[in-house]
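Structure file entry23.tsv (TSV, C-alpha atoms and all ligand atoms) follows.
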chain	number	residue	atom	x	y	z
A	9	MET	CA	8.41	17.24	5.51
A	10	PRO	CA	6.88	18.40	8.83
A	11	MET	CA	7.34	15.84	11.64
A	12	THR	CA	3.76	16.51	12.83
A	13	GLY	CA	0.52	16.64	10.89
A	14	PHE	CA	-3.22	16.28	11.32
A	15	GLY	CA	-5.02	13.15	10.05
A	16	VAL	CA	-8.64	13.40	8.91
A	17	TYR	CA	-9.67	9.73	8.66
A	18	ARG	CA	-13.11	8.97	10.16
A	19	ILE	CA	-14.09	12.64	10.29
A	20	LYS	CA	-17.45	12.96	8.57
A	21	PRO	CA	-17.11	14.46	5.07
A	22	GLY	CA	-18.61	17.94	4.66
A	23	GLU	CA	-18.87	20.60	7.34
A	24	ASP	CA	-17.38	18.35	10.08
A	25	THR	CA	-14.11	17.88	8.18
A	26	LYS	CA	-13.97	21.54	7.15
A	27	GLN	CA	-14.41	22.73	10.76
A	28	ALA	CA	-11.89	20.19	12.12
A	29	VAL	CA	-9.24	21.28	9.59
A	30	LEU	CA	-9.94	24.96	10.23
A	31	GLN	CA	-9.47	24.36	13.96
A	32	ALA	CA	-6.27	22.38	13.38
A	33	LEU	CA	-4.86	25.18	11.20
A	34	LYS	CA	-5.89	27.73	13.83
A	35	VAL	CA	-3.94	25.97	16.61
A	36	GLY	CA	-0.85	25.66	14.42
A	37	TYR	CA	-0.91	22.48	12.31
A	38	ARG	CA	0.54	23.04	8.85
A	39	ALA	CA	0.44	19.46	7.51
A	40	ILE	CA	-2.82	17.62	6.73
A	41	ASP	CA	-3.20	13.93	5.83
A	42	THR	CA	-6.25	12.99	3.77
A	43	ALA	CA	-7.05	10.31	1.15
A	44	ALA	CA	-9.48	9.64	-1.67
A	45	ALA	CA	-10.87	6.84	0.51
A	46	TYR	CA	-11.78	9.30	3.31
A	47	GLN	CA	-14.00	11.15	0.82
A	48	ASN	CA	-13.06	14.49	2.36
A	49	GLU	CA	-10.24	15.85	0.15
A	50	GLY	CA	-12.57	18.62	-1.07
A	51	ASP	CA	-13.48	19.62	2.50
A	52	VAL	CA	-9.79	19.85	3.42
A	53	ALA	CA	-9.27	22.13	0.42
A	54	ALA	CA	-12.32	24.25	1.39
A	55	ALA	CA	-10.89	24.74	4.90
A	56	ILE	CA	-7.52	25.76	3.46
A	57	ARG	CA	-9.18	28.36	1.22
A	58	GLU	CA	-11.24	29.72	4.11
A	59	SER	CA	-8.20	29.85	6.45
A	60	GLY	CA	-6.41	32.33	4.19
A	61	ILE	CA	-3.09	30.55	4.87
A	62	PRO	CA	-0.90	30.64	1.74
A	63	ARG	CA	-0.79	27.28	-0.04
A	64	GLU	CA	3.02	27.23	0.03
A	65	ASP	CA	2.99	27.32	3.85
A	66	LEU	CA	1.11	24.01	3.96
A	67	PHE	CA	2.06	20.37	3.44
A	68	ILE	CA	-0.89	18.41	2.06
A	69	THR	CA	-0.81	14.62	1.69
A	70	SER	CA	-3.41	12.52	-0.09
A	71	LYS	CA	-3.64	8.91	-1.25
A	72	LEU	CA	-4.76	7.11	-4.37
A	73	TRP	CA	-7.42	4.42	-3.94
A	74	LEU	CA	-7.43	1.03	-5.76
A	75	GLN	CA	-10.21	2.00	-8.18
A	76	ASP	CA	-7.72	4.42	-9.78
A	77	TYR	CA	-4.73	2.08	-9.91
A	78	GLY	CA	-3.00	1.57	-13.26
A	79	GLU	CA	-0.72	4.06	-15.05
A	80	ALA	CA	-3.29	6.03	-17.06
A	81	ALA	CA	-6.02	5.80	-14.39
A	82	ALA	CA	-3.69	7.14	-11.69
A	83	GLN	CA	-2.73	10.17	-13.79
A	84	LYS	CA	-6.37	10.83	-14.65
A	85	GLU	CA	-7.38	10.77	-10.96
A	86	ILE	CA	-4.49	13.04	-9.93
A	87	ASP	CA	-5.57	15.57	-12.60
A	88	ARG	CA	-9.23	15.23	-11.52
A	89	ILE	CA	-8.64	15.71	-7.81
A	90	LEU	CA	-6.24	18.63	-8.33
A	91	ARG	CA	-8.89	20.29	-10.50
A	92	VAL	CA	-11.74	19.59	-8.03
A	93	THR	CA	-9.80	20.74	-4.96
A	94	GLY	CA	-7.94	23.61	-6.63
A	95	LEU	CA	-4.88	22.72	-4.53
A	96	GLY	CA	-2.48	23.06	-7.48
A	97	TYR	CA	-0.26	20.20	-6.31
A	98	PHE	CA	0.09	17.70	-3.50
A	99	ASP	CA	3.15	17.91	-1.27
A	100	LEU	CA	3.02	14.15	-0.83
A	101	TYR	CA	0.89	11.55	-2.59
A	102	LEU	CA	0.76	7.88	-1.58
A	103	LEU	CA	-0.45	4.57	-2.95
A	104	HIS	CA	-2.94	3.63	-0.21
A	105	GLN	CA	-2.55	-0.17	-0.42
A	106	PRO	CA	-0.13	-2.67	-2.03
A	107	LEU	CA	-2.89	-4.30	-4.09
A	108	ALA	CA	-4.35	-4.27	-7.65
A	109	ASP	CA	-2.09	-2.79	-10.38
A	110	TYR	CA	0.15	-0.86	-8.03
A	111	TYR	CA	3.15	-1.06	-10.37
A	112	GLY	CA	1.14	0.77	-13.04
A	113	ALA	CA	-0.19	3.21	-10.45
A	114	TRP	CA	3.36	3.90	-9.28
A	115	ARG	CA	4.42	4.76	-12.85
A	116	GLY	CA	1.47	7.19	-12.92
A	117	LEU	CA	2.69	8.82	-9.69
A	118	GLU	CA	6.25	8.99	-11.08
A	119	GLN	CA	4.97	10.83	-14.16
A	120	ALA	CA	2.90	13.30	-12.09
A	121	TYR	CA	5.96	13.84	-9.88
A	122	ARG	CA	8.10	14.66	-12.94
A	123	GLU	CA	5.41	17.12	-14.06
A	124	GLY	CA	5.44	18.88	-10.66
A	125	LYS	CA	1.87	17.90	-9.76
A	126	LEU	CA	3.20	15.86	-6.83
A	127	ARG	CA	6.17	17.19	-4.85
A	128	ALA	CA	6.93	13.83	-3.22
A	129	ILE	CA	5.57	10.32	-3.73
A	130	GLY	CA	5.35	7.31	-1.47
A	131	VAL	CA	3.28	4.40	-0.26
A	132	ALA	CA	1.22	3.22	2.69
A	133	ASN	CA	0.91	-0.23	4.21
A	134	PHE	CA	3.87	-1.66	2.28
A	135	THR	CA	6.05	-4.24	4.05
A	136	PRO	CA	9.81	-3.94	3.38
A	137	GLY	CA	9.76	-7.01	1.10
A	138	ILE	CA	6.97	-5.70	-1.11
A	139	LEU	CA	8.50	-2.23	-1.06
A	140	LEU	CA	11.94	-3.52	-2.06
A	141	ASP	CA	10.39	-5.31	-5.03
A	142	LEU	CA	8.77	-2.01	-6.11
A	143	ILE	CA	12.05	-0.13	-5.62
A	144	MET	CA	13.96	-2.68	-7.72
A	145	ASN	CA	11.44	-2.43	-10.55
A	146	SER	CA	10.88	1.36	-10.66
A	147	ASP	CA	12.71	4.52	-11.71
A	148	ILE	CA	11.94	6.46	-8.53
A	149	ALA	CA	12.02	4.90	-5.06
A	150	PRO	CA	9.10	5.67	-2.71
A	151	MET	CA	10.10	8.44	-0.31
A	152	VAL	CA	7.64	7.65	2.51
A	153	ASP	CA	5.91	4.55	3.91
A	154	GLN	CA	2.88	5.34	6.10
A	155	ILE	CA	2.25	2.33	8.35
A	156	GLU	CA	0.34	1.33	11.48
A	157	LEU	CA	2.61	2.18	14.42
A	158	HIS	CA	1.75	2.48	18.10
A	159	PRO	CA	2.98	0.95	21.39
A	160	PHE	CA	1.09	-2.30	20.74
A	161	TYR	CA	2.46	-2.70	17.18
A	162	GLN	CA	5.94	-1.24	17.05
A	163	GLN	CA	7.24	-2.83	13.85
A	164	THR	CA	10.80	-2.32	15.10
A	165	LYS	CA	12.57	-4.33	12.37
A	166	ASN	CA	10.43	-2.85	9.60
A	167	VAL	CA	11.09	0.70	10.82
A	168	GLN	CA	14.84	0.01	10.97
A	169	TRP	CA	14.82	-1.40	7.44
A	170	LEU	CA	12.84	1.52	6.03
A	171	GLN	CA	14.98	4.16	7.72
A	172	ALA	CA	18.19	2.40	6.64
A	173	HIS	CA	16.88	2.60	3.06
A	174	HIS	CA	16.11	6.34	3.36
A	175	VAL	CA	12.33	5.87	3.39
A	176	VAL	CA	10.64	8.29	5.79
A	177	VAL	CA	8.41	6.36	8.20
A	178	GLU	CA	5.04	7.89	9.06
A	179	SER	CA	2.78	6.44	11.78
A	180	TRP	CA	-0.93	5.94	11.32
A	181	GLY	CA	-3.19	5.07	14.25
A	182	PRO	CA	-0.75	6.25	16.97
A	183	PHE	CA	-3.52	5.87	19.59
A	184	VAL	CA	-4.91	2.65	18.06
A	185	ASN	CA	-7.89	4.88	17.35
A	186	GLY	CA	-8.57	4.87	21.12
A	187	GLN	CA	-8.86	1.05	21.31
A	188	ASN	CA	-7.21	-1.38	23.80
A	189	ASP	CA	-7.81	1.10	26.66
A	190	ILE	CA	-4.55	2.72	25.54
A	191	PHE	CA	-5.07	5.97	27.44
A	192	ASN	CA	-5.24	4.04	30.75
A	193	ASN	CA	-2.33	1.71	30.08
A	194	PRO	CA	-0.39	1.50	33.40
A	195	THR	CA	3.10	1.65	31.83
A	196	LEU	CA	2.24	4.69	29.72
A	197	THR	CA	0.35	6.35	32.58
A	198	LYS	CA	3.38	6.02	34.88
A	199	ILE	CA	5.67	7.64	32.32
A	200	ALA	CA	3.11	10.38	31.64
A	201	THR	CA	2.86	11.19	35.36
A	202	THR	CA	6.68	11.44	35.65
A	203	HIS	CA	6.79	14.00	32.80
A	204	ASP	CA	3.59	15.78	33.84
A	205	LYS	CA	2.17	15.07	30.35
A	206	THR	CA	-0.72	13.01	29.01
A	207	VAL	CA	-0.48	9.43	27.75
A	208	ALA	CA	-1.25	10.73	24.24
A	209	GLN	CA	1.74	13.08	24.43
A	210	ILE	CA	4.05	10.29	25.64
A	211	ILE	CA	3.04	8.07	22.70
A	212	LEU	CA	3.70	10.87	20.19
A	213	ALA	CA	7.05	11.74	21.82
A	214	TRP	CA	8.02	8.05	21.74
A	215	LEU	CA	7.31	7.94	18.00
A	216	GLN	CA	9.18	11.15	17.28
A	217	GLN	CA	12.16	9.97	19.30
A	218	ARG	CA	12.36	7.13	16.74
A	219	GLN	CA	12.32	9.76	13.90
A	220	ILE	CA	8.80	8.76	12.92
A	221	VAL	CA	6.39	11.35	11.47
A	222	ILE	CA	3.07	11.61	13.36
A	223	ILE	CA	-0.42	12.52	12.06
A	224	PRO	CA	-2.78	12.10	15.06
A	225	LYS	CA	-6.47	12.84	14.57
A	226	SER	CA	-8.72	14.69	17.03
A	227	VAL	CA	-11.83	16.79	16.70
A	228	HIS	CA	-11.29	18.42	20.12
A	229	ASP	CA	-9.46	21.72	20.52
A	230	GLU	CA	-7.66	20.80	23.75
A	231	ARG	CA	-6.44	17.47	22.32
A	232	LEU	CA	-5.33	19.13	19.07
A	233	ARG	CA	-3.16	21.49	21.11
A	234	GLN	CA	-1.87	18.67	23.34
A	235	ASN	CA	-0.86	16.56	20.35
A	236	LEU	CA	1.17	19.47	18.94
A	237	ALA	CA	3.04	20.12	22.20
A	238	VAL	CA	5.39	17.14	22.40
A	239	GLU	CA	8.68	18.51	21.10
A	240	ASP	CA	10.11	19.16	24.58
A	241	ILE	CA	9.52	15.62	25.90
A	242	GLU	CA	12.62	13.45	26.10
A	243	LEU	CA	12.09	9.87	27.17
A	244	THR	CA	14.90	8.06	28.98
A	245	ASP	CA	16.36	4.77	27.77
A	246	ALA	CA	14.54	3.03	30.63
A	247	GLU	CA	11.21	4.57	29.55
A	248	MET	CA	11.83	3.58	25.92
A	249	ALA	CA	12.62	0.04	27.14
A	250	ALA	CA	9.43	-0.05	29.24
A	251	ILE	CA	7.33	0.94	26.19
A	252	LYS	CA	9.07	-1.76	24.16
A	253	THR	CA	7.56	-4.41	26.43
A	254	LEU	CA	4.05	-3.37	25.30
A	255	ASP	CA	4.62	-4.64	21.74
A	256	THR	CA	2.26	-7.46	20.72
A	257	ASN	CA	4.01	-7.86	17.35
A	258	HIS	CA	0.76	-7.80	15.42
A	259	SER	CA	-1.72	-5.28	14.11
A	260	ALA	CA	-4.44	-4.04	16.43
A	261	PHE	CA	-6.88	-3.93	13.49
A	262	ASP	CA	-8.21	-7.00	11.72
A	263	TRP	CA	-8.26	-5.10	8.40
A	264	ASN	CA	-4.58	-4.18	8.20
A	265	ILE	CA	-3.47	-5.85	4.99
A	266	MET	CA	0.19	-5.26	5.85
A	267	ASP	CA	0.08	-7.64	8.79
A	268	ASP	CA	-1.45	-10.47	6.78
A	269	LEU	CA	-1.78	-10.32	3.00
A	270	ASN	CA	-3.48	-13.72	3.02
A	271	LYS	CA	-7.00	-12.50	3.77
A	272	PRO	CA	-9.10	-13.15	0.64
A	273	GLU	CA	-12.27	-11.65	2.14
A	274	MET	CA	-10.42	-8.41	3.00
A	275	ILE	CA	-8.76	-8.20	-0.42
A	276	LYS	CA	-12.20	-8.53	-2.02
A	277	ILE	CA	-13.68	-5.74	0.14
A	278	LEU	CA	-10.79	-3.39	-0.63
A	279	ASN	CA	-10.92	-4.08	-4.39
A	280	ASP	CA	-14.72	-3.68	-4.46
A	281	ALA	CA	-14.66	-0.33	-2.63
A	282	HIS	CA	-15.46	2.62	-4.89
A	283	VAL	CA	-14.76	5.89	-3.18
A	284	HIS	CA	-15.70	8.42	-5.88
A	285	ASP	CA	-17.76	8.57	-9.11
A	301	LIG	P1	-5.54	7.79	16.04
A	301	LIG	O1	-4.90	9.08	15.69
A	301	LIG	O2	-4.74	6.65	16.57
A	301	LIG	O3	-6.67	8.00	17.12
A	301	LIG	C1	-7.69	8.93	17.02
A	301	LIG	C2	-8.56	8.75	18.26
A	301	LIG	O4	-7.87	9.18	19.43
A	301	LIG	C3	-9.83	9.53	18.16
A	301	LIG	O5	-10.84	8.76	18.76
A	301	LIG	C4	-9.53	10.78	19.01
A	301	LIG	O6	-10.72	11.25	19.60
A	301	LIG	C5	-8.59	10.24	20.07
A	301	LIG	N1	-7.62	11.23	20.53
A	301	LIG	C6	-6.82	12.03	19.76
A	301	LIG	N2	-6.01	12.78	20.50
A	301	LIG	C7	-6.27	12.46	21.81
A	301	LIG	C8	-5.77	12.91	23.05
A	301	LIG	N3	-4.79	13.83	23.11
A	301	LIG	N4	-6.29	12.39	24.19
A	301	LIG	C9	-7.28	11.44	24.13
A	301	LIG	N5	-7.80	10.99	22.96
A	301	LIG	C10	-7.30	11.49	21.81
A	301	LIG	O7	-6.36	7.19	14.79
A	301	LIG	P2	-6.45	7.38	13.26
A	301	LIG	O8	-7.29	8.57	12.95
A	301	LIG	O9	-6.89	6.07	12.74
A	301	LIG	O10	-4.97	7.64	12.73
A	301	LIG	C11	-4.42	8.94	12.50
A	301	LIG	C12	-4.40	9.28	11.03
A	301	LIG	O11	-3.61	8.31	10.31
A	301	LIG	C13	-5.75	9.21	10.32
A	301	LIG	O12	-6.58	10.31	10.60
A	301	LIG	C14	-5.32	9.13	8.86
A	301	LIG	O13	-4.95	10.40	8.38
A	301	LIG	C15	-4.12	8.20	8.97
A	301	LIG	N6	-4.47	6.78	8.71
A	301	LIG	C16	-3.93	6.17	7.61
A	301	LIG	C17	-4.23	4.84	7.33
A	301	LIG	C18	-3.61	4.19	6.12
A	301	LIG	O14	-4.01	3.07	5.75
A	301	LIG	N7	-2.66	4.82	5.47
A	301	LIG	C19	-5.08	4.10	8.17
A	301	LIG	C20	-5.61	4.74	9.29
A	301	LIG	C21	-5.30	6.07	9.56
A	301	LIG	P3	-11.38	12.69	19.23
A	301	LIG	O15	-11.27	12.89	17.76
A	301	LIG	O16	-12.79	12.53	19.71
A	301	LIG	O17	-10.59	13.68	20.03
Have the structure of the file written as structure tokens, please.
Ligand code: NAP
Amino acid sequence: MPMTGFGVYRIKPGEDTKQAVLQALKVGYRAIDTAAAYQNEGDVAAAIRESGIPREDLFITSKLWLQDYGEAAAQKEIDRILRVTGLGYFDLYLLHQPLADYYGAWRGLEQAYREGKLRAIGVANFTPGILLDLIMNSDIAPMVDQIELHPFYQQTKNVQWLQAHHVVVESWGPFVNGQNDIFNNPTLTKIATTHDKTVAQIILAWLQQRQIVIIPKSVHDERLRQNLAVEDIELTDAEMAAIKTLDTNHSAFDWNIMDDLNKPEMIKILNDAHVHD
């Protein structure tokens, strides 16, 4: 699995997504992270076709939404979206949320994995406890957990647990989607100045130094290039320790189910959301 990919959440479906993915492919990204809930899987596929890059050179991730949870429903949606996009298979396919009939949905993913429609299967927004319960009651253990991870929500214990159990950890929202004035944070700015890099690059290097896969999103050419060029940055122990002090120990988003499953209003919104016909 590539350690770096391009996330397409909040990019407008249609031409905007297609152009953003084409640009990302042009500057060198080979992994793309989409989801049924982003309503732009088809636009990602259109960009791939137009790019002329062979399918086998790419690593495409998508995610199943709650409306398609359940064993039969999950398999039906996987068949539908593979037919609509013409992608042939997904390199990685995730359960988007630990809600609704996710045990049934997981069995659907297991079956599609056995049939070669999905090359790897995993989850998103699963806490270790909920994930362990799924592992102990399934044939195939999830291979990836995609979770909110950035300097203000470091999830240190959860990351350690996941990695110790051979689950690849992938970070969503590495820049808190630009919130909390993250790009002007004094601690991060000081480290960035020392390395002659940007704050964005320091955050991505910090994640990768913890063996965490990154999928930053940008619709700007210069930032796309910047976010790819982090391999050569090595943060010192003192810099890692300084970033550790920024942890608030809670999600920066009030809709992250992982941080607090006891939000009835949020659970209703997520279950009510229909993302395709
Ligand atoms: P993000 O990557 O934390 O932040 C994106 C924001 O940062 C955009 O406003 C972007 O602006 C800006 N930005 C990007 N690179 C920058 C740079 N080098 N310098 C300054 N600003 C920069 O947010 P995200 O899109 O929420 O998370 C990344 C991906 O994770 C998503 O696209 C999606 O694939 C995935 N995700 C998954 C879940 C889940 O539940 N599994 C939830 C959220 C996200 P511009 O675009 O204007 O450059």
(message) From (4.8, 6.2, 3.1), in the file's coordinates, out to 12 Å: which residues are reached, counting all atoms listed in the file? Answer as a VMD selection string.
(response) chain A and resid 9 41 69 to 71 100 to 106 128 to 136 139 149 to 156 167 170 to 171 174 to 180 220 to 222
(request) Around the point (1.9, 18.9, -9.5), in the coordinates given by the file, pick out the residues reaching within 9 Å, counting all atoms listed in the file, and return them as a PyMOL selection string. (result) chain A and resi 86-87+90+96-99+120-127
(request) Enumerate as a ChimeraX atom specification the residues within 7 Å of ligand LIG 301 (chain A), counting only C-alpha atoms and all ligand atoms. (result) /A:14-18,41-42,104,132-133,154-156,179-186,191,208-209,223-228,231-232,234-235
For A:Ala250, list every protein, DNA or RNA residue within 12 Å, evaluated using all atoms listed in the file, and leave out those in the same chain fewer than 6 positions away; present the list as an mmCIF file with C-alpha atoms, in the frame of the given file.
data_model
loop_
_atom_site.group_PDB
_atom_site.id
_atom_site.type_symbol
_atom_site.label_atom_id
_atom_site.label_comp_id
_atom_site.auth_asym_id
_atom_site.auth_seq_id
_atom_site.Cartn_x
_atom_site.Cartn_y
_atom_site.Cartn_z
ATOM 1 C CA PRO A 159 2.980 0.950 21.390
ATOM 2 C CA ASN A 193 -2.330 1.710 30.080
ATOM 3 C CA PRO A 194 -0.390 1.500 33.400
ATOM 4 C CA THR A 195 3.100 1.650 31.830
ATOM 5 C CA LEU A 196 2.240 4.690 29.720
ATOM 6 C CA THR A 197 0.350 6.350 32.580
ATOM 7 C CA LYS A 198 3.380 6.020 34.880
ATOM 8 C CA ILE A 199 5.670 7.640 32.320
ATOM 9 C CA TRP A 214 8.020 8.050 21.740
ATOM 10 C CA LEU A 243 12.090 9.870 27.170
ATOM 11 C CA THR A 244 14.900 8.060 28.980
#
(message) Could you tell me how far atom CA of A:Leu212 sits from atom CA of A:His158, in Å to one decimal place?
(response) 8.9 Å
(message) For a quick check of understanding, using all atoms listed in the file, which of A:Asn264, A:Gln217, A:Thr206, A:Thr12 has the smallest distance to A:Glu230?
(response) A:Thr206
(request) Please identify all polymer residues within 10 Å of A:Arg63, counting only C-alpha atoms, omitting same-chain residues fewer than 2 positions from it, and present them as a list of chain:residue names. (result)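 Using only C-alpha atoms, the neighbours found are A:Arg38, A:Ala53, A:Ile56, A:Arg57, A:Gly60, A:Ile61, A:Asp65, A:Leu66, A:Phe67, A:Ile68, A:Leu95, A:Gly96, A:Tyr97.
Relative to atom CA of A:Lys20, atom CA of A:Trp73 is found at 18.2 Å.
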(request) Name the closest residue to A:Ala32 among the candidates A:His173, A:Lys84, A:Arg233, A:Arg91; distances are taken between atoms, counting all atoms listed in the file. (result)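 Residue with the minimum atom-to-atom distance to A:Ala32: A:Arg233.
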Put the listed atoms of stretch 236-244 of chain A in a box along x, y and z with 5 Å added on every side and give me the centre and edge lengths in Å to one decimal, as lines of an AutoDock Vina configuration file.
center_x = 8.0
center_y = 14.1
center_z = 24.0
size_x = 23.7
size_y = 22.1
size_z = 20.0
(message) For a test of reading the model, state the distance in Å between atom CA of A:Tyr37 and atom CA of A:Glu242, rounded to one decimal.
(response) 21.3 Å
Determine, counting only C-alpha atoms, which protein, DNA and RNA residues have an atom within 7 Å of an atom of stretch 253-260 of chain A; residues of the same chain fewer than 6 positions away are not included. Present the result as a compact mmCIF listing (two decimals) with C-alpha atoms, keeping the file's coordinate frame.
# COMPACT_ATOMS: atom_id res chain seq x y z
CA PRO A 159 2.98 0.95 21.39
CA PHE A 160 1.09 -2.30 20.74
CA TYR A 161 2.46 -2.70 17.18
CA GLN A 162 5.94 -1.24 17.05
CA GLN A 163 7.24 -2.83 13.85
CA VAL A 184 -4.91 2.65 18.06
CA ASP A 267 0.08 -7.64 8.79
Dump of stretch 157-171 of chain A from preceding block, N, CA, C and O atoms, as an mmCIF file, in the first residue's frame:
data_model
loop_
_atom_site.group_PDB
_atom_site.id
_atom_site.type_symbol
_atom_site.label_atom_id
_atom_site.label_comp_id
_atom_site.auth_asym_id
_atom_site.auth_seq_id
_atom_site.Cartn_x
_atom_site.Cartn_y
_atom_site.Cartn_z
ATOM 1 N N LEU A 157 -6.453 11.806 12.475
ATOM 2 C CA LEU A 157 -5.129 11.912 13.103
ATOM 3 C C LEU A 157 -4.433 13.173 12.638
ATOM 4 O O LEU A 157 -4.231 13.378 11.438
ATOM 5 N N HIS A 158 -4.101 14.023 13.568
ATOM 6 C CA HIS A 158 -3.366 15.258 13.287
ATOM 7 C C HIS A 158 -2.733 15.721 14.596
ATOM 8 O O HIS A 158 -2.989 15.103 15.649
ATOM 9 N N PRO A 159 -1.939 16.773 14.605
ATOM 10 C CA PRO A 159 -1.239 17.156 15.847
ATOM 11 C C PRO A 159 -2.166 17.442 17.023
ATOM 12 O O PRO A 159 -1.756 17.287 18.176
ATOM 13 N N PHE A 160 -3.410 17.832 16.757
ATOM 14 C CA PHE A 160 -4.317 18.147 17.867
ATOM 15 C C PHE A 160 -5.106 16.922 18.348
ATOM 16 O O PHE A 160 -5.819 16.991 19.338
ATOM 17 N N TYR A 161 -5.026 15.829 17.612
ATOM 18 C CA TYR A 161 -5.707 14.581 18.003
ATOM 19 C C TYR A 161 -4.812 13.434 17.555
ATOM 20 O O TYR A 161 -4.944 12.928 16.451
ATOM 21 N N GLN A 162 -3.906 13.045 18.434
ATOM 22 C CA GLN A 162 -2.815 12.148 18.035
ATOM 23 C C GLN A 162 -3.130 10.672 18.239
ATOM 24 O O GLN A 162 -2.462 9.821 17.679
ATOM 25 N N GLN A 163 -4.114 10.385 19.069
ATOM 26 C CA GLN A 163 -4.563 9.004 19.282
ATOM 27 C C GLN A 163 -3.395 8.036 19.521
ATOM 28 O O GLN A 163 -3.372 6.925 18.957
ATOM 29 N N THR A 164 -2.449 8.446 20.329
ATOM 30 C CA THR A 164 -1.211 7.674 20.494
ATOM 31 C C THR A 164 -1.467 6.213 20.900
ATOM 32 O O THR A 164 -0.940 5.293 20.272
ATOM 33 N N LYS A 165 -2.293 6.017 21.921
ATOM 34 C CA LYS A 165 -2.543 4.646 22.390
ATOM 35 C C LYS A 165 -3.269 3.826 21.328
ATOM 36 O O LYS A 165 -2.980 2.648 21.131
ATOM 37 N N ASN A 166 -4.234 4.443 20.669
ATOM 38 C CA ASN A 166 -4.988 3.716 19.635
ATOM 39 C C ASN A 166 -4.074 3.307 18.482
ATOM 40 O O ASN A 166 -4.160 2.190 17.974
ATOM 41 N N VAL A 167 -3.194 4.230 18.072
ATOM 42 C CA VAL A 167 -2.256 3.918 16.983
ATOM 43 C C VAL A 167 -1.345 2.766 17.399
ATOM 44 O O VAL A 167 -1.125 1.819 16.632
ATOM 45 N N GLN A 168 -0.849 2.819 18.630
ATOM 46 C CA GLN A 168 0.035 1.739 19.105
ATOM 47 C C GLN A 168 -0.700 0.394 19.089
ATOM 48 O O GLN A 168 -0.166 -0.617 18.653
ATOM 49 N N TRP A 169 -1.937 0.413 19.548
ATOM 50 C CA TRP A 169 -2.709 -0.840 19.595
ATOM 51 C C TRP A 169 -2.920 -1.382 18.179
ATOM 52 O O TRP A 169 -2.687 -2.573 17.909
ATOM 53 N N LEU A 170 -3.329 -0.518 17.281
ATOM 54 C CA LEU A 170 -3.601 -0.950 15.906
ATOM 55 C C LEU A 170 -2.338 -1.516 15.260
ATOM 56 O O LEU A 170 -2.361 -2.601 14.665
ATOM 57 N N GLN A 171 -1.244 -0.789 15.396
ATOM 58 C CA GLN A 171 -0.004 -1.243 14.751
ATOM 59 C C GLN A 171 0.495 -2.546 15.376
ATOM 60 O O GLN A 171 0.989 -3.419 14.679
#
